[in-house]
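Q: My structure is stored as final04.txt, with compact mmCIF, C-alpha atoms.
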```txt
# COMPACT_ATOMS: atom_id res chain seq x y z
CA MET S 1 16.22 -17.12 -35.19
CA MET S 2 19.02 -16.68 -32.67
CA MET S 3 18.48 -12.92 -32.66
CA LEU S 4 14.76 -13.39 -31.98
CA MET S 5 15.51 -15.65 -29.00
CA ILE S 6 17.99 -13.13 -27.59
CA THR S 7 15.45 -10.32 -27.99
CA LEU S 8 12.73 -12.35 -26.26
CA LEU S 9 15.08 -13.27 -23.41
CA PHE S 10 16.08 -9.61 -23.02
CA ASN S 11 12.42 -8.52 -22.91
CA ILE S 12 11.57 -11.16 -20.29
CA CYS S 13 14.55 -10.16 -18.13
CA SER S 14 13.68 -6.47 -18.48
CA ALA S 15 10.11 -7.11 -17.36
CA GLN S 16 11.35 -9.04 -14.33
CA ASN S 17 13.86 -6.31 -13.42
CA GLN S 18 11.32 -3.48 -13.24
CA ASP S 19 12.87 -0.16 -12.31
CA TYR S 20 11.81 1.23 -8.96
CA GLY S 21 11.85 4.60 -7.24
CA ARG S 22 12.69 5.64 -3.71
CA ILE S 23 11.68 8.18 -1.08
CA LYS S 24 13.98 9.68 1.49
CA GLY S 25 13.92 12.61 3.84
CA THR S 26 14.27 13.99 7.32
CA ILE S 27 11.50 14.36 9.89
CA THR S 28 12.12 16.93 12.65
CA TRP S 29 10.50 18.82 15.50
CA GLN S 30 11.47 21.93 17.45
CA ASN S 31 12.47 22.12 21.10
CA ASN S 32 11.99 25.85 21.68
CA ASP S 33 10.98 25.72 25.34
CA ASN S 34 13.92 26.91 27.42
CA VAL S 35 12.18 26.62 30.77
CA GLY S 36 10.03 24.11 32.59
CA VAL S 37 9.34 20.52 31.71
CA ALA S 38 11.09 20.55 28.33
CA ARG S 39 14.46 21.45 29.87
CA GLN S 40 14.23 18.47 32.22
CA PHE S 41 14.05 16.04 29.31
CA TYR S 42 16.03 17.71 26.54
CA ASP S 43 19.41 19.29 27.12
CA ALA S 44 19.49 21.42 23.99
CA ILE S 45 17.19 23.89 22.32
CA GLY S 46 16.58 23.69 18.57
CA THR S 47 15.76 21.24 15.82
CA LYS S 48 15.64 17.57 16.77
CA GLY S 49 15.32 14.47 14.63
CA ASP S 50 11.87 12.93 15.15
CA ILE S 51 13.20 9.55 16.28
CA ASP S 52 10.88 6.67 15.33
CA ALA S 53 8.48 8.87 13.35
CA LYS S 54 6.29 6.52 11.32
CA ILE S 55 6.31 6.86 7.52
CA TYR S 56 3.62 4.93 5.64
CA VAL S 57 3.63 4.90 1.83
CA ILE S 58 0.25 3.80 0.48
CA PRO S 59 -0.90 3.66 -3.17
CA LYS S 60 -3.66 6.15 -3.94
CA ASN S 61 -5.68 3.29 -5.42
CA PHE S 62 -5.16 1.03 -2.37
CA ASN S 63 -8.15 -1.10 -1.42
CA PRO S 64 -8.04 -2.09 2.28
CA ALA S 65 -10.24 -5.09 1.51
CA SER S 66 -7.34 -6.53 -0.53
CA ILE S 67 -5.62 -7.59 2.71
CA SER S 68 -6.89 -9.24 5.87
CA SER S 69 -7.88 -7.20 8.92
CA GLU S 70 -4.96 -8.74 10.79
CA ALA S 71 -2.48 -7.78 8.05
CA GLU S 72 -3.89 -4.26 8.05
CA GLN S 73 -3.50 -3.94 11.82
CA ASN S 74 0.05 -5.35 11.73
CA TYR S 75 0.98 -2.87 9.00
CA TYR S 76 -0.29 0.21 10.84
CA GLN S 77 0.81 -0.92 14.30
CA PHE S 78 4.15 -2.64 13.65
CA GLY S 79 5.09 -1.61 10.11
CA GLU S 80 4.79 -5.21 8.88
CA ILE S 81 4.23 -5.00 5.15
CA PRO S 82 1.60 -7.45 3.86
CA PHE S 83 2.89 -9.83 1.21
CA ASN S 84 2.31 -8.96 -2.42
CA THR S 85 1.19 -5.35 -1.88
CA ASN S 86 2.53 -1.94 -2.82
CA LEU S 87 2.51 -0.82 0.80
CA TYR S 88 5.77 0.50 2.25
CA TYR S 89 6.93 1.60 5.70
CA ALA S 90 9.90 3.12 7.47
CA SER S 91 10.64 4.74 10.79
CA ALA S 92 13.01 7.65 11.24
CA ASP S 93 16.44 7.03 12.75
CA VAL S 94 18.06 8.98 15.62
CA ASN S 95 18.63 11.97 13.32
CA GLY S 96 15.11 11.85 11.86
CA ASN S 97 16.32 10.40 8.54
CA TYR S 98 14.53 7.67 6.62
CA GLU S 99 14.76 6.03 3.21
CA ILE S 100 12.48 3.60 1.42
CA ALA S 101 13.79 1.95 -1.75
CA GLY S 102 12.18 -0.46 -4.20
CA ILE S 103 8.90 1.45 -4.57
CA SER S 104 6.89 0.54 -7.66
CA PRO S 105 6.16 3.57 -9.88
CA GLY S 106 2.77 5.18 -9.29
CA ALA S 107 0.81 7.70 -7.22
CA TYR S 108 1.06 7.39 -3.43
CA TYR S 109 0.02 8.97 -0.16
CA VAL S 110 2.86 9.43 2.32
CA LEU S 111 1.47 9.54 5.86
CA ILE S 112 3.99 10.78 8.42
CA ILE S 113 3.19 10.50 12.12
CA SER S 114 5.44 12.14 14.69
CA GLN S 115 6.52 10.24 17.78
CA ASN S 116 7.76 13.34 19.61
CA THR S 117 5.06 15.97 19.11
CA LYS S 118 1.55 15.80 20.50
CA ARG S 119 -1.58 17.41 19.17
CA ASP S 120 -4.65 18.62 21.03
CA ILE S 121 -6.84 15.49 21.02
CA ASN S 122 -9.92 17.66 21.56
CA LYS S 123 -9.48 19.33 18.19
CA PRO S 124 -10.86 17.39 15.22
CA ARG S 125 -8.55 16.28 12.43
CA SER S 126 -8.89 18.10 9.15
CA GLU S 127 -11.54 16.84 6.74
CA ASP S 128 -8.80 16.07 4.22
CA ILE S 129 -6.87 13.75 6.54
CA THR S 130 -10.09 12.08 7.73
CA TYR S 131 -11.15 11.48 4.11
CA ILE S 132 -7.80 9.93 3.22
CA LEU S 133 -7.63 7.81 6.39
CA LYS S 134 -11.05 6.36 5.60
CA ARG S 135 -9.83 5.43 2.10
CA ILE S 136 -6.78 3.54 3.40
CA SER S 137 -8.31 1.85 6.45
CA ARG S 138 -11.26 -0.51 6.46
CA ASN S 139 -12.27 0.30 10.07
CA LEU S 140 -10.65 3.52 11.19
CA GLU S 141 -12.38 3.52 14.58
CA GLN S 142 -10.62 0.27 15.56
CA ASP S 143 -7.39 1.06 13.78
CA ASN S 144 -4.12 2.24 15.27
CA LEU S 145 -4.20 5.08 12.76
CA GLU S 146 -7.12 6.50 14.73
CA LEU S 147 -5.07 6.54 17.92
CA TYR S 148 -1.84 7.74 16.29
CA THR S 149 -3.44 10.59 14.37
CA LYS S 150 -5.47 11.76 17.37
CA LYS S 151 -2.54 11.69 19.79
CA TYR S 152 0.42 12.78 17.62
CA LYS S 153 0.94 15.49 15.07
CA HIS S 154 0.80 14.12 11.54
CA THR S 155 0.80 15.14 7.92
CA ILE S 156 -0.04 13.55 4.62
CA LYS S 157 1.70 14.25 1.34
CA THR S 158 1.15 12.93 -2.15
CA VAL S 159 3.96 11.81 -4.40
CA GLU S 160 4.33 10.38 -7.88
CA ILE S 161 7.03 7.71 -7.79
CA ARG S 162 9.03 7.40 -10.99
CA ALA S 163 11.51 4.69 -11.92
CA ASN S 164 15.12 5.43 -10.97
CA VAL S 165 14.17 8.70 -9.24
CA THR S 166 14.53 9.60 -5.55
CA SER S 167 11.75 11.79 -4.16
CA ASN S 168 12.66 13.91 -1.13
CA ILE S 169 9.97 14.38 1.48
CA ASN S 170 11.06 16.30 4.56
CA TYR S 171 8.79 17.60 7.30
CA ASP S 172 9.17 19.65 10.49
CA PHE S 173 6.38 19.14 13.02
CA GLY S 174 7.25 22.33 14.90
CA ASN S 175 7.17 22.79 18.65
CA ALA S 176 6.46 19.64 20.61
CA TRP S 177 4.83 21.47 23.47
CA LYS S 178 2.18 23.46 21.62
```
Would you write out, as structure tokens, the structure that this file holds?

A:
Amino acid sequence: MMMLMITLLFNICSAQNQDYGRIKGTITWQNNDNVGVARQFYDAIGTKGDIDAKIYVIPKNFNPASISSEAEQNYYQFGEIPFNTNLYYASADVNGNYEIAGISPGAYYVLIISQNTKRDINKPRSEDITYILKRISRNLEQDNLELYTKKYKHTIKTVEIRANVTSNINYDFGNAWK
């Protein structure tokens, strides 16, 4: 009887202490312009950490209707994670590094949006990114993702999070001025 109670207690504790995964990486951009405007703002040529790049980790099976419009906006605009969801967020530090721990195992999209490289707003986004954005946002036209992904360079990756495993996702957005 005692052994049965210990086994049950162990199983309950194990279920409550679910193992999680993590994502970490470095987001960069290139300052390759040695003349003109770029030299006025940046004193060195080469690879730079993409300071404050936005990293959103969103389950592939995420249903935007599962959270309020306000919670959705606060997540995409300020990185506020809605309660009781498997949404995650980080911004890159001064070296472009980020780390997100405590991610529940599963399949995720990782949306990375640069804060230091611009894209040509007259060029349409790829069909793939548009498809994914529509799956993770209830009203893309009124969402900050619309503005961010039109104005700044961005990429989307997929990752399978496994318990007790760190996934590395690094990305270089290339030249900021092109």

Q: Using only C-alpha atoms for the distances, tell me which of S:Ile132, S:Ile23, S:Ile113, S:Ile161 is nearest to Gln77 of chain S.

A: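 Once distances to Gln77 of chain S are computed over only C-alpha atoms, the minimum belongs to S:Ile113.
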
Q: Given only C-alpha atoms as the basis, pick out the residue of S:Ile103, S:Gly49, S:Ile67, S:Glu127 nearest to Asp19 of chain S.

A: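 Among the listed residues, the smallest separation from Asp19 of chain S belongs to S:Ile103.
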
Q: Mind checking which residues fall within 9 Å of Thr155 of chain S, counting all atoms listed in the file, ignoring those fewer than 3 positions away in the same chain, and posting them as a list in words?

A: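 So the residues in contact are Val110, Leu111, Ile112, Ile113, Ser114, Ile129, Thr149, Tyr171 and Phe173 of chain S.
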
Q: What does the distance from atom CA of Asp120 of chain S to atom CA of Glu146 of chain S come to in Å, to one decimal?

A: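 It comes out at 13.9 Å.
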
Q: Contacts of Arg22 of chain S at 10 Å or less, counting all atoms listed in the file, minus same-chain residues fewer than 3 places along, as a PyMOL selection string?

A: chain S and resi 99-105+161-168

Q: Compile the contact shell of Ile81 of chain S as a VMD selection string: residues with an atom at most 12 Å away, counting all atoms listed in the file, same-chain residues fewer than 3 positions apart removed.

A: chain S and resid 56 to 58 67 to 68 70 to 78 84 to 90

Q: So which one's closest to Asn116 of chain S, S:Asn170, S:Ser69, S:Ser137, S:Thr47? Using all atoms listed in the file, please.

A: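 Checking each candidate against Asn116 of chain S, we get S:Thr47 as the closest.
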
Q: When you count all atoms listed in the file, which of these residues is closest to Leu145 of chain S: S:Asp172, S:Gly25, S:Asn31, S:Gly79?

A: S:Gly79

Q: So which residues fall inside 8 Å of (-1.8, 3.6, -10.0) if we count only C-alpha atoms? Mind giving them as JSON, numbers by chain?

A: {"S": [59, 60, 61, 105, 106, 107]}

Q: Using only C-alpha atoms, find the one residue out of S:Glu80, S:Asp93, S:Glu160, S:Asp50 that sits nearest to Asn175 of chain S.

A: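 Nearest candidate to Asn175 of chain S out of S:Glu80, S:Asp93, S:Glu160, S:Asp50: S:Asp50.
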
Q: Mind checking which residues fall within 10 Å of Arg135 of chain S, counting only C-alpha atoms, ignoring those fewer than 4 positions away in the same chain, and posting them as a compact mmCIF listing (two decimals) with C-alpha atoms, in the frame of the given file?

A:
```
# COMPACT_ATOMS: atom_id res chain seq x y z
CA LYS S 60 -3.66 6.15 -3.94
CA ASN S 61 -5.68 3.29 -5.42
CA PHE S 62 -5.16 1.03 -2.37
CA ASN S 63 -8.15 -1.10 -1.42
CA PRO S 64 -8.04 -2.09 2.28
CA ILE S 129 -6.87 13.75 6.54
CA THR S 130 -10.09 12.08 7.73
CA TYR S 131 -11.15 11.48 4.11
CA ASN S 139 -12.27 0.30 10.07
CA LEU S 140 -10.65 3.52 11.19
```

Q: Would you compute the distance between atom CA of Ala176 of chain S and atom CA of Lys24 of chain S? Give it in Å to one decimal.

A: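 So the two atoms, atom CA of Ala176 of chain S and atom CA of Lys24 of chain S, lie 22.8 Å apart.
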
Q: Compile the contact shell of Ile51 of chain S as a list in words: residues with an atom at most 9 Å away, counting all atoms listed in the file, same-chain residues fewer than 2 positions apart removed.

A: Ile27, Thr28, Lys48, Gly49, Ala53, Ser91, Ala92, Asp93, Val94, Asn95, Gly96, Asn97, Ser114, Gln115 and Asn116 of chain S

Q: Calculate how many Å separate atom CA of Trp29 of chain S from atom CA of Arg119 of chain S, rounding to one decimal.

A: 12.7 Å
